[in-house]
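What follows is a single structure, written as C-alpha cells, with notes after it.
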Amino acid sequence: MQILPASILDLGPLRAIERACFDRDAWPLLDLMAVLTFPDVIRLKAVENGRMIGFVAGDTRDLGLSWIATIAVLPEYQNQGVGRALLEACEAKLTTPRVRLCLRTDNLSALRLYEKHGYERVDIWRAYYKDRADALVMEKMRGV
Ligand SMILES: CC(C)(COP(=O)(O)OP(=O)(O)OC[C@H]1O[C@@H](n2cnc3c(N)ncnc32)[C@H](O)[C@@H]1OP(=O)(O)O)[C@@H](O)C(=O)NCCC(=O)NCCS
C-alpha cells in the first residue's frame with residue numbers, strides 16, 4: 001500500500017469511497033471537486049495494486065489550527081492500518097500546533113483511531129449531521 005498525493009483525476013474513485021463509507025453524510029460532488037482542487041489543501045490517497053482504497057484531506061483554516069476535513073477507507077480495506085497511515089501522513093504535512101477533526105458520536109472506529117493518535121474531545125456540535133446526529137469535535141496538540 002502506498003500513500004500518494006491525490007488530484008482531480010481521483011474524483012471518480014473518491015466518489016465511490018465517499019458513497020461506500022458515509023451513506024447519507026457523503027459530500028456532494030462540488031465539495032469533492034473543491035477538496036481535490038483548492039489550494040493549500042493536503043490531499044492524500046492510499047493506493048493498493050493501482051486501486052485507490054482510501055483518502056484524507058487536511059487544511060489550515062485559522063492561525064495555528066488545521067482540520068482533518070475528511071478521512072475514509074473502503075470498507076473491505078478497513079482495520080488493516082490504512083486509516084492510521086493516512087492520518088499520520090496528513091498530520092506530518094500540516095504545520096500547525098493544533099489539529100482538529102469532527103466525527104459522529106456513534107462512530108466508534110473513528111473514535112478509537114483518533115484517541116490512539118492523541119486527539120481529545122473539545123466540543124460537541126448538536127444536530128450537525130443530516131439525520132441530526134451530534135458531532136464530536138476532537139483536537140490534538142503537537143510540538144511543531
Ligand atoms: C475511520 C476509518 C478511516 C479508520 O480507518 P481504518 O483503516 O479502518 O483504521 P486502521 O485499520 O488504521 O485502525 C486504526 C486503529 O483504530 C482501531 N480500529 C479501527 N477500526 C476499529 C474497529 N472497528 N473496532 C475497534 N478498533 C478499531 C484499530 O485497532 C487501530 O488501532 P492500532 O493502530 O492500534 O492497530 C475507517 O473506519 C473508515 O473509513 N470509516 C468510514 C468513514 C469514517 O467514518 N471516517 C471518519 C469520519 S470522522
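We label chains A, B, ... in the order they appear in the C-alpha cells, count residues from 1 in each chain, and number ligands from 1 in the order shown.
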
If you count only C-alpha atoms and all ligand atoms, which residues end up within 6 Å of ligand 1, as a PDB file with N, CA, C and O atoms, in the first residue's frame?
ATOM      1  N   CYS A  21     -18.577   4.762   2.288  1.00  0.00           N
ATOM      2  CA  CYS A  21     -18.232   4.997   3.697  1.00  0.00           C
ATOM      3  C   CYS A  21     -19.237   5.858   4.443  1.00  0.00           C
ATOM      4  O   CYS A  21     -19.409   5.701   5.652  1.00  0.00           O
ATOM      5  N   PHE A  22     -19.874   6.805   3.763  1.00  0.00           N
ATOM      6  CA  PHE A  22     -20.639   7.803   4.524  1.00  0.00           C
ATOM      7  C   PHE A  22     -22.143   7.791   4.275  1.00  0.00           C
ATOM      8  O   PHE A  22     -22.875   8.481   4.959  1.00  0.00           O
ATOM      9  N   ILE A  71     -11.649  11.748   6.185  1.00  0.00           N
ATOM     10  CA  ILE A  71     -10.777  10.565   6.070  1.00  0.00           C
ATOM     11  C   ILE A  71     -11.688   9.358   5.895  1.00  0.00           C
ATOM     12  O   ILE A  71     -12.704   9.236   6.589  1.00  0.00           O
ATOM     13  N   ALA A  72     -11.353   8.505   4.946  1.00  0.00           N
ATOM     14  CA  ALA A  72     -12.196   7.340   4.687  1.00  0.00           C
ATOM     15  C   ALA A  72     -11.382   6.246   4.005  1.00  0.00           C
ATOM     16  O   ALA A  72     -10.487   6.519   3.206  1.00  0.00           O
ATOM     17  N   VAL A  73     -11.733   5.014   4.347  1.00  0.00           N
ATOM     18  CA  VAL A  73     -11.098   3.824   3.759  1.00  0.00           C
ATOM     19  C   VAL A  73     -12.218   2.902   3.292  1.00  0.00           C
ATOM     20  O   VAL A  73     -13.203   2.698   4.022  1.00  0.00           O
ATOM     21  N   GLN A  78     -10.764  -1.748   5.610  1.00  0.00           N
ATOM     22  CA  GLN A  78     -10.700  -1.162   6.953  1.00  0.00           C
ATOM     23  C   GLN A  78     -10.082  -2.145   7.948  1.00  0.00           C
ATOM     24  O   GLN A  78     -10.041  -3.347   7.713  1.00  0.00           O
ATOM     25  N   ASN A  79      -9.609  -1.584   9.065  1.00  0.00           N
ATOM     26  CA  ASN A  79      -8.989  -2.367  10.141  1.00  0.00           C
ATOM     27  C   ASN A  79      -7.717  -3.076   9.704  1.00  0.00           C
ATOM     28  O   ASN A  79      -7.375  -4.135  10.215  1.00  0.00           O
ATOM     29  N   GLN A  80      -7.030  -2.496   8.729  1.00  0.00           N
ATOM     30  CA  GLN A  80      -5.741  -3.065   8.282  1.00  0.00           C
ATOM     31  C   GLN A  80      -4.639  -2.012   8.354  1.00  0.00           C
ATOM     32  O   GLN A  80      -3.601  -2.150   7.725  1.00  0.00           O
ATOM     33  N   GLY A  81      -4.903  -0.923   9.056  1.00  0.00           N
ATOM     34  CA  GLY A  81      -3.880   0.095   9.251  1.00  0.00           C
ATOM     35  C   GLY A  81      -3.852   1.192   8.197  1.00  0.00           C
ATOM     36  O   GLY A  81      -2.990   2.075   8.247  1.00  0.00           O
ATOM     37  N   VAL A  82      -4.774   1.152   7.238  1.00  0.00           N
ATOM     38  CA  VAL A  82      -4.764   2.161   6.169  1.00  0.00           C
ATOM     39  C   VAL A  82      -5.163   3.537   6.721  1.00  0.00           C
ATOM     40  O   VAL A  82      -4.526   4.554   6.423  1.00  0.00           O
ATOM     41  N   GLY A  83      -6.207   3.578   7.545  1.00  0.00           N
ATOM     42  CA  GLY A  83      -6.654   4.844   8.127  1.00  0.00           C
ATOM     43  C   GLY A  83      -5.554   5.486   8.961  1.00  0.00           C
ATOM     44  O   GLY A  83      -5.305   6.688   8.872  1.00  0.00           O
ATOM     45  N   ARG A  84      -4.906   4.656   9.753  1.00  0.00           N
ATOM     46  CA  ARG A  84      -3.807   5.161  10.573  1.00  0.00           C
ATOM     47  C   ARG A  84      -2.707   5.754   9.692  1.00  0.00           C
ATOM     48  O   ARG A  84      -2.196   6.840   9.960  1.00  0.00           O
ATOM     49  N   CYS A 102     -13.823  16.333  13.289  1.00  0.00           N
ATOM     50  CA  CYS A 102     -15.092  16.011  13.931  1.00  0.00           C
ATOM     51  C   CYS A 102     -15.626  14.701  13.387  1.00  0.00           C
ATOM     52  O   CYS A 102     -15.273  14.275  12.272  1.00  0.00           O
ATOM     53  N   LEU A 103     -16.428  14.061  14.199  1.00  0.00           N
ATOM     54  CA  LEU A 103     -16.977  12.753  13.847  1.00  0.00           C
ATOM     55  C   LEU A 103     -18.323  12.570  14.524  1.00  0.00           C
ATOM     56  O   LEU A 103     -18.619  13.255  15.507  1.00  0.00           O
ATOM     57  N   SER A 109     -15.242   3.314  15.425  1.00  0.00           N
ATOM     58  CA  SER A 109     -13.972   3.016  14.734  1.00  0.00           C
ATOM     59  C   SER A 109     -13.123   4.274  14.623  1.00  0.00           C
ATOM     60  O   SER A 109     -11.923   4.266  14.913  1.00  0.00           O
ATOM     61  N   ALA A 110     -13.766   5.357  14.194  1.00  0.00           N
ATOM     62  CA  ALA A 110     -13.034   6.616  14.055  1.00  0.00           C
ATOM     63  C   ALA A 110     -12.590   7.131  15.428  1.00  0.00           C
ATOM     64  O   ALA A 110     -11.458   7.591  15.595  1.00  0.00           O
ATOM     65  N   ARG A 112     -11.840   5.456  18.107  1.00  0.00           N
ATOM     66  CA  ARG A 112     -10.673   4.699  18.602  1.00  0.00           C
ATOM     67  C   ARG A 112      -9.402   5.137  17.883  1.00  0.00           C
ATOM     68  O   ARG A 112      -8.354   5.312  18.496  1.00  0.00           O
ATOM     69  N   LEU A 113      -9.521   5.300  16.568  1.00  0.00           N
ATOM     70  CA  LEU A 113      -8.349   5.730  15.786  1.00  0.00           C
ATOM     71  C   LEU A 113      -7.834   7.074  16.298  1.00  0.00           C
ATOM     72  O   LEU A 113      -6.635   7.253  16.544  1.00  0.00           O
TER      73      LEU A 113
END

Review point. Which residues come within 8 Å of segment 54-69 of chain A, counting only C-alpha atoms, excluding same-chain residues fewer than 6 positions away, as a ChimeraX atom specification?
Key: /A:14,17,35,40-47,82-83,86-87,90-91,94,96-101

Point to revise | Sel. of strand (DSSP E or B) residues, chain A, as a VMD selection string | key: chain A and resid 2 to 5 41 to 48 51 to 62 65 to 73 98 to 104 120 to 125 135 to 141

Point to revise | atom CA of Asp10 of chain A to atom CA of Met52 of chain A, distance in Å rounded to a single decimal | key: 8.0 Å

As a CSV table (one decimal) with C-alpha atoms, in the first residue's frame, please: every residue in chain A that a backbone DSSP assignment puts in helix (DSSP H, G or I).
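Written output follows (out_11.csv):
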chain,number,residue,atom,x,y,z
A,8,ILE,CA,-8.9,15.9,-9.6
A,9,LEU,CA,-8.1,12.8,-11.6
A,10,ASP,CA,-9.1,10.8,-8.5
A,11,LEU,CA,-12.7,12.3,-8.5
A,12,GLY,CA,-14.4,9.0,-9.6
A,13,PRO,CA,-12.7,6.7,-7.1
A,14,LEU,CA,-13.2,9.3,-4.3
A,15,ARG,CA,-16.9,9.5,-5.0
A,16,ALA,CA,-17.1,5.7,-4.7
A,17,ILE,CA,-15.2,5.8,-1.4
A,18,GLU,CA,-17.5,8.5,-0.1
A,19,ARG,CA,-20.6,6.6,-1.0
A,20,ALA,CA,-19.4,3.4,0.4
A,21,CYS,CA,-18.2,5.0,3.7
A,22,PHE,CA,-20.6,7.8,4.5
A,23,ASP,CA,-24.0,7.0,3.0
A,24,ARG,CA,-26.3,10.0,3.8
A,25,ASP,CA,-23.3,12.1,5.1
A,29,LEU,CA,-19.9,16.3,-6.0
A,30,LEU,CA,-19.0,20.0,-5.8
A,31,ASP,CA,-17.4,19.6,-2.3
A,32,LEU,CA,-15.4,16.6,-3.6
A,33,MET,CA,-14.2,18.7,-6.6
A,34,ALA,CA,-13.3,21.5,-4.2
A,35,VAL,CA,-11.2,19.3,-1.9
A,36,LEU,CA,-9.3,17.9,-4.9
A,37,THR,CA,-8.5,21.3,-6.3
A,75,PRO,CA,-15.0,-1.0,3.9
A,76,GLU,CA,-13.1,-4.1,2.6
A,77,TYR,CA,-9.8,-2.5,3.5
A,82,VAL,CA,-4.8,2.2,6.2
A,83,GLY,CA,-6.7,4.8,8.1
A,84,ARG,CA,-3.8,5.2,10.6
A,85,ALA,CA,-1.3,5.5,7.7
A,86,LEU,CA,-3.4,8.2,6.0
A,87,LEU,CA,-3.9,10.2,9.3
A,88,GLU,CA,-0.2,10.1,10.1
A,89,ALA,CA,0.8,11.1,6.6
A,90,CYS,CA,-1.6,14.0,6.6
A,91,GLU,CA,-0.6,15.2,10.1
A,92,ALA,CA,3.0,15.1,9.0
A,93,LYS,CA,2.2,17.6,6.2
A,108,LEU,CA,-16.6,4.1,17.3
A,109,SER,CA,-14.0,3.0,14.7
A,110,ALA,CA,-13.0,6.6,14.1
A,111,LEU,CA,-13.1,7.5,17.8
A,112,ARG,CA,-10.7,4.7,18.6
A,113,LEU,CA,-8.3,5.7,15.8
A,114,TYR,CA,-8.3,9.4,16.9
A,115,GLU,CA,-7.9,8.6,20.6
A,116,LYS,CA,-5.0,6.3,19.8

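Our summary of the geometry notes that atom CA of Asn49 of chain A is positioned 25.9 Å from atom CA of Trp27 of chain A.
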
Practice item. One decimal, Å: what's the distance from atom CA of Thr70 of chain A over to atom CA of Arg142 of chain A, could you say? Key: 19.6 Å
